[in-house]
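Please read the structure below before turning to the comments.
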Number of protein chains: 2
Amino acid sequence: MAIIECVPNVSEGRRPEVVRAIVDGVAATPGVHVLDWSSDASHNRTVITLAGDAGPLQAAVLTLFHLSLQAIDLRHHQGEHPRMGAVDVVPFVPIEGVTMADCAQLARETGEAVASRFGVPVFLYEEAASAASRRNLEDIRRGEFEGLALKMRQSEWQPDFGPAAPHPSGGGSAIGARMPLIAYNINLATDRLDVARKIAAAVRFSSGGLRFVKAMGIALEDRGIVQVSMNLTNFEKTPIPRVFELVMREAARYGVRVLESEIVGLVPSAALVAAAQWYLQLDAFTGDQVLEHRLRTAGPHV
Amino acid sequence: MAIIECVPNVSEGRRPEVVRAIVDGVAATPGVHVLDWSSDASHNRTVITLAGDAGPLQAAVLTLFHLSLQAIDLRHHQGEHPRMGAVDVVPFVPIEGVTMADCAQLARETGEAVASRFGVPVFLYEEAASAASRRNLEDIRRGEFEGLALKMRQSEWQPDFGPAAPHPSGGGSAIGARMPLIAYNINLATDRLDVARKIAAAVRFSSGGLRFVKAMGIALEDRGIVQVSMNLTNFEKTPIPRVFELVMREAARYGVRVLESEIVGLVPSAALVAAAQWYLQLDAFTGDQVLEHRLRTAGPHV
């Protein structure tokens with residue numbers, strides 16, 4: 001069985017009964033596991049983490065659209081987080097026994113089904129994008145719900161599936177495929193925010209650092225320390241140990257030591273196995289040697 | 001669902017058709033997965049790695065005894081590996097969602113069933129042992145099949161279950177519970193066998209090293225290098241990074257560097273996750289954050 005993760009972002013984080021109904025509806029889909037979900041009232045947004053095989057996940061996403069479009073009207077939606085749709089973003093993420101190409105295909109099939117069933121325009125993004133210019137979610141969402149009708153009059157912002165104008169209350173949705181995102185923070189044994197900010201600037205892609213790192217320096221005021229707060233967007237190409245070692249080296253340059261690091265939320269086993277491999281110099285190791293992996297992939301017989 | 005590993009050692013490694021029939025029989029048990037098996041002709045022995053929950057594993061072990069006792073007669077068995085029974089050793093190993101106490105209890109129940117159904121005397125060992133003096137498998141097996149009848153006339157070598165004398169053709173069996181065993185080797189960038197032997201002596205328990213490490217120094221003659229070849233018998237109490245770092249430090253004392261390390265066969269995910277945690281200083285991380293772990297333990301709802 002393949003394991004695909006799916007992390008829909010829904011534009012509702014203030015009405016618990018609405019969120020609960022959506023989560024319940026999705027959880028009732030056979031073969032789908034709800035690994036996590038959390039609502040943010042200031043963002044007015046809920047992020048749900050699902051896992052399962054392709055067919056069940058697609059069914060769950062269709063249920064998610066059905067329930068969300070019934071309950072959410074973006075014409076009356078306020079929140080700090082950028083959004084353009086009632087179901088704003090739906091990424092599919094390969095975890096085990098499945099390729100990125102499989103997940104991109106699943107995004108296309110799901111997008112087509114969403115558009116034809118609900119009349120919502122769908123924009124494919126990241127690894128499922130139909131052109132390089134629309135890979136980036138921020139580019140697709142720029143202008144948000146309020147600007148979407150005008151944006152869609154431009155020929156370059158026609159949707160991949162669905163009508164040429166937004167759904168009246170539900171806007172538009174971005175559906176795509178991407179690598180697992182790891183929320184990874186490193187705490188420094190100092191209260192010098194300038195050091196955290198300099199290190200963040202040194203390691204992040206946007207200012208010359210590692211290709212798949214987003215980073216910022218922040219103060220943890222209650223603890224009197226600072227943190228390099230990061231998102232790792234491709235742990236295969238920019239592995240956690242390389243980030244940790246580079247941050248440690250940059251910190252040493254300022255006479256600062258690393259106190260600890262933390263992973264926020266879920267992480268695929270493969271990212272930690274790769275970290276152990278790197279440090280232990282396990283050159284010939286393969287994921288097939290992990291007992292639980294063998295158990296999931298073996299039939300009764302080897 | 002709990003994941004328990006079971007690694008029966010059977011005294012047959014030269015007749016493939018016999019081995020195949022035993023593996024097939026075990027694999028046919030519902031709920032049991034054969035993760036691996038391998039026969040060694042010079043040892044005249046086969047090691048099978050099973051995984052499943054308690055009930056299915058006990059059923060598989062009873063099938064294993066049934067088939068092995070039919071096909072194997074220790075009165076005609078020759079091989080380099082010490083053995084005292086047709087089914088020589090059966091350890092149960094906790095992997096996930098199950099305690100060592102659960103595995104010890106499973107060993108006792110299985111031992112009792114084996115003794116009553118097949119008339120084989122059963123000795124409980126390691127974490128299932130009924131006395132400190134019979135925890136050690138080597139102590140139980142000393143004298144082997146040929147000396148077992150005489151040994152069992154001593155009051156301290158009465159079995160935990162079954163008759164006071166060996167099964168005529170099947171001898172006696174050790175059934176127990178233990179931690180996962182990790183076969184872990186570190187290759188050194190030198191051909192100096194004395195260095196590998198000194199490091200092995202430094203890190204192994206028997207000569208003053210780490211509590212749960214067995215080690216020896218060997219030459220890899222085809223590669224012109226040497227290896228510290230180890231068994232790690234409790235990765236929770238003596239974790240892999242501590243062993244690796246100590247070997248690297250001891251090697252540096254002789255001006256030698258570590259080339260690579262290797263894990264032979266299967267390793268539980270938790271051992272590698274713990275290694276990543278150690279190196280990345282992930283102080284607050286819990287196994288529940290590993291996506292696949294969450295998937296196995298979550299119901300449809302979180």
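Labels for the structure tokens follow display order: chains A, B, ..., residues from 1 in each chain, ligands from 1.
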(request) Fewer than 4 positions away in the same chain doesn't count, so skip those; otherwise give me all residues within 8 Å of A:Ile263, counting only C-alpha atoms, as JSON, numbers by chain. (result) {"A": [182, 183, 184, 185, 267], "B": [282, 285]}
(message) Let's see if you can do this: from backbone DSSP, list all helix (DSSP H, G or I) residues in stretch 135-184 of chain A, as a count of residues only.
(response) 16
(request) Would you mind telling me which residue in A:Thr29, A:Ser68, A:Thr238, A:Asn44 lies nearest to chain B when using only C-alpha atoms? (result) A:Thr29
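Across the model, the gap from atom CA of B:Pro121 to atom CA of B:Pro159 is 5.7 Å.
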(request) For A:Ala59, work out the shell of residues within 12 Å, counting only C-alpha atoms and skipping chain neighbours fewer than 5 positions away, then give it as a list in words. (result) Cys6, Gly25, Val26, Ala27, Ala28, Thr29, Pro30, Gly31, Val32, Leu50, Gly52, Asp53, Ala54, Leu64, Phe65, His66, Leu106, Glu109, Thr110, Gly111, Ala113 and Val114 of chain A
With the cut-off set at 6 Å and counting only C-alpha atoms, tabulate each residue of chain A with an atom at most that distance from an atom of chain B, showing the nearest atom pair and its distance in Å to one decimal, ordered by chain and increasing number, as a Markdown table.
| residue | atom | partner | partner_atom | distance |
| --- | --- | --- | --- | --- |
| A:Ala27 | CA | B:Pro300 | CA | 5.5 |
| A:His33 | CA | B:Pro300 | CA | 4.3 |
| A:Val34 | CA | B:His301 | CA | 5.1 |
| A:Leu35 | CA | B:Val302 | CA | 5.9 |
| A:Asp36 | CA | B:Val302 | CA | 5.8 |
| A:Glu260 | CA | B:Gln281 | CA | 4.8 |
| A:Ser261 | CA | B:Leu282 | CA | 4.9 |
| A:Glu262 | CA | B:Leu282 | CA | 5.2 |
| A:Leu266 | CA | B:Gln289 | CA | 4.6 |
| A:Val267 | CA | B:Val290 | CA | 5.2 |
| A:Pro268 | CA | B:Leu291 | CA | 5.0 |
| A:Ser269 | CA | B:Val290 | CA | 5.7 |
| A:Leu272 | CA | B:Val273 | CA | 5.7 |
| A:Val273 | CA | B:Leu272 | CA | 5.7 |
| A:Ala275 | CA | B:Ala276 | CA | 5.5 |
| A:Ala276 | CA | B:Ala276 | CA | 4.8 |
| A:Gln281 | CA | B:Glu260 | CA | 4.8 |
| A:Leu282 | CA | B:Ser261 | CA | 4.9 |
| A:Gln289 | CA | B:Leu266 | CA | 4.6 |
| A:Val290 | CA | B:Val267 | CA | 5.2 |
| A:Leu291 | CA | B:Pro268 | CA | 5.0 |
| A:Pro300 | CA | B:His33 | CA | 4.4 |
| A:His301 | CA | B:Val34 | CA | 5.1 |
| A:Val302 | CA | B:Val34 | CA | 5.8 |
Since we have the selection now, will you write its residues out, keeping C-alpha atoms, as a PDB file, in the first residue's frame?
ATOM      1  CA  ALA A  27     -12.481  11.043   8.744  1.00  0.00           C
ATOM      2  CA  HIS A  33      -6.558   8.524   8.500  1.00  0.00           C
ATOM      3  CA  VAL A  34      -6.715  11.984  10.070  1.00  0.00           C
ATOM      4  CA  LEU A  35      -3.210  12.336  11.522  1.00  0.00           C
ATOM      5  CA  ASP A  36      -3.657  15.837  12.884  1.00  0.00           C
ATOM      6  CA  GLU A 260      18.818  22.224  21.096  1.00  0.00           C
ATOM      7  CA  SER A 261      16.734  21.832  17.980  1.00  0.00           C
ATOM      8  CA  GLU A 262      13.080  20.978  17.507  1.00  0.00           C
ATOM      9  CA  LEU A 266       5.024  15.531  12.019  1.00  0.00           C
ATOM     10  CA  VAL A 267       8.114  14.377  10.143  1.00  0.00           C
ATOM     11  CA  PRO A 268       8.457  11.460   7.714  1.00  0.00           C
ATOM     12  CA  SER A 269      10.552   8.615   9.069  1.00  0.00           C
ATOM     13  CA  LEU A 272      15.258  11.084  10.409  1.00  0.00           C
ATOM     14  CA  VAL A 273      16.657   7.855   8.964  1.00  0.00           C
ATOM     15  CA  ALA A 275      19.937  12.095   9.370  1.00  0.00           C
ATOM     16  CA  ALA A 276      21.114   8.976  11.231  1.00  0.00           C
ATOM     17  CA  GLN A 281      28.304   7.274   7.861  1.00  0.00           C
ATOM     18  CA  LEU A 282      25.959   4.407   6.952  1.00  0.00           C
ATOM     19  CA  GLN A 289      16.461  -2.414   6.307  1.00  0.00           C
ATOM     20  CA  VAL A 290      14.108  -0.494   8.583  1.00  0.00           C
ATOM     21  CA  LEU A 291      12.007  -3.211  10.217  1.00  0.00           C
ATOM     22  CA  PRO A 300       3.358 -12.785   4.223  1.00  0.00           C
ATOM     23  CA  HIS A 301       6.438 -14.137   2.453  1.00  0.00           C
ATOM     24  CA  VAL A 302       9.906 -12.757   1.788  1.00  0.00           C
TER      25      VAL A 302
END
(request) Output as an MDAnalysis selection string all residues of stretch 152-286 of chain A that backbone DSSP marks as strand (DSSP E). (result) chainID A and resid 173:177 182:188 213:220 225:232 258:264
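Nearest residue to B:Phe123 among B:Pro8, B:Gly55, B:Pro94, B:Gly85 is B:Gly85, counting only C-alpha atoms.
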(request) Take atom CA of A:Leu137 and atom CA of A:Ala174 and report the distance between them in Å, one decimal. (result) 7.4 Å
(message) What does the structure give for the distance between atom CA of B:Glu146 and atom CA of B:Asn231, in Å to one decimal?
(response)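 Atom-to-atom, atom CA of B:Glu146 and atom CA of B:Asn231 are spaced 28.2 Å apart.
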(request) Would you please work out which residue, of B:Ala164, B:Leu181, B:Glu144, B:Val256, is nearest to B:Ile199 when using only C-alpha atoms? (result)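 That would be B:Val256, the residue with the smallest distance to B:Ile199.
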